[in-house]
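Undergrad: The structure follows.
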Amino acid sequence: MRYRVSGRLVNKGILSVAVALFLLLSLLAPARAEWVQLVYTSDQHYGITRKAFRGLDKVSSREVNAAMVQAINALPGSTLPEDGGVRAGQPVLWADAVISTGDIANRMEGTDERLIPSATECWSLFEKQYVNGVSITNRAGEKADVLAVPGNHDVTNAVGFYKAMTPAQDNGSLLAMYNRANKASLTPETFDVKRDKVFLNREYGGVRLLFVQMWPDGAARTWLEGQLSEVPSGEPVLLFTHDQPDIEAKHLLNPNGSGDINAKDGFENLVSDVSSVASSKEIPVREHRELAAFLKKHPAIVAYFHGNENYNEFYTWGGPDNDIAVPVFRVDSPMKGNESGKDETRLSFQLVSLDTEARKMTVREVLWNADPKRPAIAWGESRTIGF
C-alpha cells in the first residue's frame, strides 16, 4: 500500500521505518529542561543573635539558620500560589540550587575573643547547616547544589577593619568559598585576597547563573565579559552578587593618602575599584554609571539578585541617568533583616522559577515564619518578568 505525503507517494513499509526511526531518535535525544527552580537567600551572619525568635530571647544564628534550612527542605511539600506566575498552583517538588550571596560570617568586631566567633568558625557552621544540611533535591533526585559568594563581612574579616577585630584578620569564610568555587586547596597562607576572587559560572536547564564576589567591579566585569562571550545566543543570564547595583562608596578602595583602611576616611577596601569620590559617605556616581553601561552592553543579563541591605524587594534599577531598566531582586536575611529583624513573621527567602520555553521567570517571597507558633510555608509578594 502507498500513502501520499506532501504531494509524494511513499511505500507503507518505508513510512513505518521512518516513523520508528523518529520515535527512537526522540527517545535517545536528551530531554530538554523547560523549568528551572532556585532557592535564594543571603546574609546568614553566623556569630550574632536575634533579639527574639519563636518565643525565645537572644536566639543564636545557629538556631535561626537551622530553622530556615528546615523550611527550605520542606519546600517540596508546598504548592505554589495561584498568582499567574511560572508553575502557579503546582507543587514545588524540587530545586536545582540553594544560593547565598554572602555575609556568611559576621564582622569579627570587638576585643573579647570568647564572644566573637571567627570567620573560620562561622564557615564551619554554614558548611554543617547548609552545604551538608540542605536535603532538597533537583528533578533528577540528586541533592541540590549549594552555592555561595562572599559579602562585605566575609571580605572585611580577611582584609581587616578600622575598628578592633578579634582576630585582627581571618580569611576563613572567603578562602572556603574560593576553594569550593574553584575546586582548589589554597591555605590561609597561600590565599591572596587581592588576587583570588570568588567567581562562579553555573548552567541549569538553559539558564546561566553568574556569581561575582561582592559587586560587579572592574575585575568582575572583565571576568563576566569572558563568560558572557561563551553563553549561547538567547540563553538568559541571572547575575548574583552581594551588594546592590548602586554600591556604597565605603566598600570601594580608599582614594586618599596611602589608600589604607582607617577610621578617618572610612573606606573599607573591599572591591578592586578606587573610589571616584573622596568621602566614603558620598554617592559614587561614576561607578554606578560604569555598571549601567556594562549592563546595557549585555542584555543577556535579565535580572540582578543581591543581599546586603536586607529586606524582600522587587524593583527596577534605572542607573544614575535613568537610561536602563534592570529587574532587581533584593532578599531578606535570617539575622539582620531591616523588617524581619523587628517582626519575625516577615522572615523570608525567595523561590525563583523559570520557564525557558515560555521565556518567563517568577520570583516569589517565601515567608517561612509567618506563624512562629506553627511554622509552615506561606507566600508573600511575587513578580514575573519576561526575557
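Starting from 1 in every chain, residues are counted up; chains themselves are A, B, ... following the order of the C-alpha cells, and ligands are numbered from 1 as listed.
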Taking 4 positions as the minimum chain separation for residues in the same chain, which residues sit within 9 Å of A:Pro91 when counting only C-alpha atoms? Answer as a list of chain:residue names.

TA: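 Here the answer would be A:Leu75, A:Pro76, A:Gly77, A:Ser78, A:Thr79, A:Leu80, A:Arg87.
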
Undergrad: Write a file of the just-selected residues containing N, CA and C atoms, as a compact mmCIF listing (two decimals), in the first residue's frame.

TA:
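Writing done, so here's out-v6.txt:
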# COMPACT_ATOMS: atom_id res chain seq x y z
N LEU A 75 10.17 22.67 51.44
CA LEU A 75 9.56 23.30 50.28
C LEU A 75 8.88 22.32 49.32
N PRO A 76 9.49 21.17 49.01
CA PRO A 76 8.87 20.27 48.03
C PRO A 76 7.44 19.89 48.36
N GLY A 77 7.06 19.90 49.63
CA GLY A 77 5.69 19.55 50.02
C GLY A 77 4.71 20.69 49.91
N SER A 78 5.16 21.87 49.48
CA SER A 78 4.30 23.03 49.35
C SER A 78 3.77 23.17 47.93
N THR A 79 2.71 23.94 47.80
CA THR A 79 2.12 24.22 46.49
C THR A 79 2.26 25.70 46.18
N LEU A 80 2.71 26.00 44.98
CA LEU A 80 2.89 27.39 44.57
C LEU A 80 1.55 28.11 44.52
N ARG A 87 4.58 28.11 36.82
CA ARG A 87 4.16 26.91 37.57
C ARG A 87 3.14 27.23 38.65

Undergrad: Tell me which protein, DNA and RNA residues are within 10 Å of A:Asn171, counting only C-alpha atoms, leaving out same-chain ones fewer than 6 positions away, and put them as a VMD selection string.

TA: chain A and resid 118 to 120 154 to 160 187 to 189 191 to 193

Undergrad: From stretch 41-96 of chain A, collect each residue whose DSSP state is strand (DSSP E) and return the set as a ChimeraX atom specification.

TA: /A:41,49-53,56-60

Undergrad: Can you write just those residues out, N, CA and C atoms, as a tab-separated table (two decimals), in the first residue's frame?

TA:
chain	number	residue	atom	x	y	z
A	41	THR	N	18.81	33.09	49.12
A	41	THR	CA	18.87	33.76	50.42
A	41	THR	C	20.22	34.47	50.52
A	49	THR	N	23.21	37.19	67.45
A	49	THR	CA	21.94	36.66	67.94
A	49	THR	C	20.79	37.53	67.46
A	50	ARG	N	19.61	36.91	67.37
A	50	ARG	CA	18.37	37.65	67.13
A	50	ARG	C	17.79	38.06	68.47
A	51	LYS	N	17.18	39.25	68.49
A	51	LYS	CA	16.58	39.72	69.73
A	51	LYS	C	15.50	38.76	70.21
A	52	ALA	N	14.68	38.26	69.28
A	52	ALA	CA	13.62	37.32	69.65
A	52	ALA	C	13.32	36.40	68.48
A	53	PHE	N	12.97	35.14	68.80
A	53	PHE	CA	12.62	34.18	67.76
A	53	PHE	C	11.82	33.05	68.38
A	56	LEU	N	11.51	32.93	72.19
A	56	LEU	CA	12.74	32.97	72.97
A	56	LEU	C	13.48	34.28	72.72
A	57	ASP	N	14.31	34.69	73.68
A	57	ASP	CA	15.11	35.90	73.55
A	57	ASP	C	16.57	35.54	73.25
A	58	LYS	N	17.25	36.45	72.56
A	58	LYS	CA	18.67	36.30	72.24
A	58	LYS	C	18.96	34.91	71.65
A	59	VAL	N	18.37	34.66	70.50
A	59	VAL	CA	18.49	33.36	69.86
A	59	VAL	C	19.68	33.37	68.91
A	60	SER	N	20.51	32.34	68.97
A	60	SER	CA	21.75	32.30	68.21
A	60	SER	C	21.49	32.13	66.71

Undergrad: Could you pull out all residues of stretch 86-219 of chain A with a DSSP call of alpha helix (DSSP H) and give them as a list in words?

TA: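 Alpha helix (DSSP H) members of stretch 86-219 of chain A, listed: Ala119, Thr120, Glu121, Cys122, Trp123, Ser124, Leu125, Phe126, Asn152, His153, Asp154, Val155, Thr156, Asn157, Ala158, Val159, Gly172, Ser173, Leu174, Leu175, Ala176, Met177, Tyr178, Asn179, Arg180, Ala181, Asn182, Gly218 and Ala219 of chain A.
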
Undergrad: Could you dump the residues just selected with C-alpha atoms as a compact mmCIF listing (two decimals), in the first residue's frame?

TA:
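selection-v5.txt was written with the following content:
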# COMPACT_ATOMS: atom_id res chain seq x y z
CA ALA A 119 35.20 33.72 60.13
CA THR A 120 36.58 30.19 60.03
CA GLU A 121 34.19 29.05 62.76
CA CYS A 122 31.27 30.75 61.00
CA TRP A 123 32.03 28.95 57.75
CA SER A 124 32.12 25.63 59.61
CA LEU A 125 28.57 26.28 60.82
CA PHE A 126 27.41 27.24 57.31
CA ASN A 152 31.30 42.60 52.76
CA HIS A 153 31.65 41.00 56.21
CA ASP A 154 33.45 37.96 54.78
CA VAL A 155 35.88 40.21 52.90
CA THR A 156 36.35 42.62 55.83
CA ASN A 157 37.36 39.74 58.08
CA ALA A 158 40.05 38.89 55.52
CA VAL A 159 41.44 42.39 54.86
CA GLY A 172 38.42 31.57 56.65
CA SER A 173 34.99 32.09 55.06
CA LEU A 174 36.39 33.85 51.99
CA LEU A 175 39.02 31.15 51.48
CA ALA A 176 36.46 28.35 51.85
CA MET A 177 34.19 29.91 49.23
CA TYR A 178 37.13 30.36 46.86
CA ASN A 179 38.26 26.75 47.26
CA ARG A 180 34.72 25.42 46.71
CA ALA A 181 34.19 27.60 43.64
CA ASN A 182 37.48 26.58 42.05
CA GLY A 218 36.26 46.23 37.15
CA ALA A 219 37.86 42.85 37.86

Undergrad: Between A:Arg195, A:Met335, A:Ser280, A:Glu290, which is the closest to A:Ile261 once you count only C-alpha atoms?

TA: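 Among the listed residues, A:Ser280 lies closest to A:Ile261.
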
Undergrad: For A:Ala293, find every residue with an atom within 10 Å (counting only C-alpha atoms), except residues of its own chain fewer than 5 positions away, and show them as a PyMOL selection string.

TA: chain A and resi 287-288+298+319+323-324

Undergrad: Show me, as a PyMOL selection string, the residues that have an atom within 9 Å of A:Ser348 when counting only C-alpha atoms, minus same-chain residues fewer than 3 positions from it.

TA: chain A and resi 41+68+311-312+331-334+340+345+365-370+380

Undergrad: Go ahead and save the picked residues with C-alpha atoms, as a PDB file, in the first residue's frame.

TA:
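So out.pdb came out as:
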ATOM      1  CA  THR A  41      18.875  33.757  50.418  1.00  0.00           C
ATOM      2  CA  MET A  68      15.372  28.301  57.862  1.00  0.00           C
ATOM      3  CA  TYR A 311      14.524  43.014  53.075  1.00  0.00           C
ATOM      4  CA  ASN A 312      12.380  41.498  50.355  1.00  0.00           C
ATOM      5  CA  VAL A 331      16.411  39.310  49.580  1.00  0.00           C
ATOM      6  CA  ASP A 332      15.898  39.200  53.348  1.00  0.00           C
ATOM      7  CA  SER A 333      18.371  37.985  55.994  1.00  0.00           C
ATOM      8  CA  PRO A 334      17.509  35.494  58.744  1.00  0.00           C
ATOM      9  CA  SER A 340      12.177  40.879  59.781  1.00  0.00           C
ATOM     10  CA  THR A 345       6.727  36.973  60.758  1.00  0.00           C
ATOM     11  CA  GLU A 365       8.755  35.633  48.554  1.00  0.00           C
ATOM     12  CA  VAL A 366       8.655  32.574  50.824  1.00  0.00           C
ATOM     13  CA  LEU A 367       7.505  33.578  54.312  1.00  0.00           C
ATOM     14  CA  TRP A 368       8.932  30.740  56.355  1.00  0.00           C
ATOM     15  CA  ASN A 369       7.969  32.002  59.833  1.00  0.00           C
ATOM     16  CA  ALA A 370       4.623  33.709  59.220  1.00  0.00           C
ATOM     17  CA  GLY A 380       4.234  36.768  50.085  1.00  0.00           C
TER      18      GLY A 380
END

Undergrad: So, with only C-alpha atoms as the atoms that count, which of A:Ala148, A:Val212, A:Val271, A:Ala378 lies closest to A:Asp103?

TA: A:Ala148

Undergrad: May I ask for the distance between atom CA of A:Asp112 and atom CA of A:Arg54, given in Å to one decimal place?

TA: 28.6 Å

Undergrad: Select, from A:Ser279, A:Asn132, A:Asn256, A:Asn201, the residue with the minimum atom-to-atom distance to A:Val231, counting only C-alpha atoms.

TA: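 Checking each of A:Ser279, A:Asn132, A:Asn256, A:Asn201 against A:Val231, counting only C-alpha atoms, the winner is A:Asn201.
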
Undergrad: Which of these residues is nearest to A:Asn310, using only C-alpha atoms: A:Ile116, A:Gln44, A:Ala184, A:Arg286?

TA: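 Checking each of A:Ile116, A:Gln44, A:Ala184, A:Arg286 against A:Asn310, counting only C-alpha atoms, the winner is A:Gln44.
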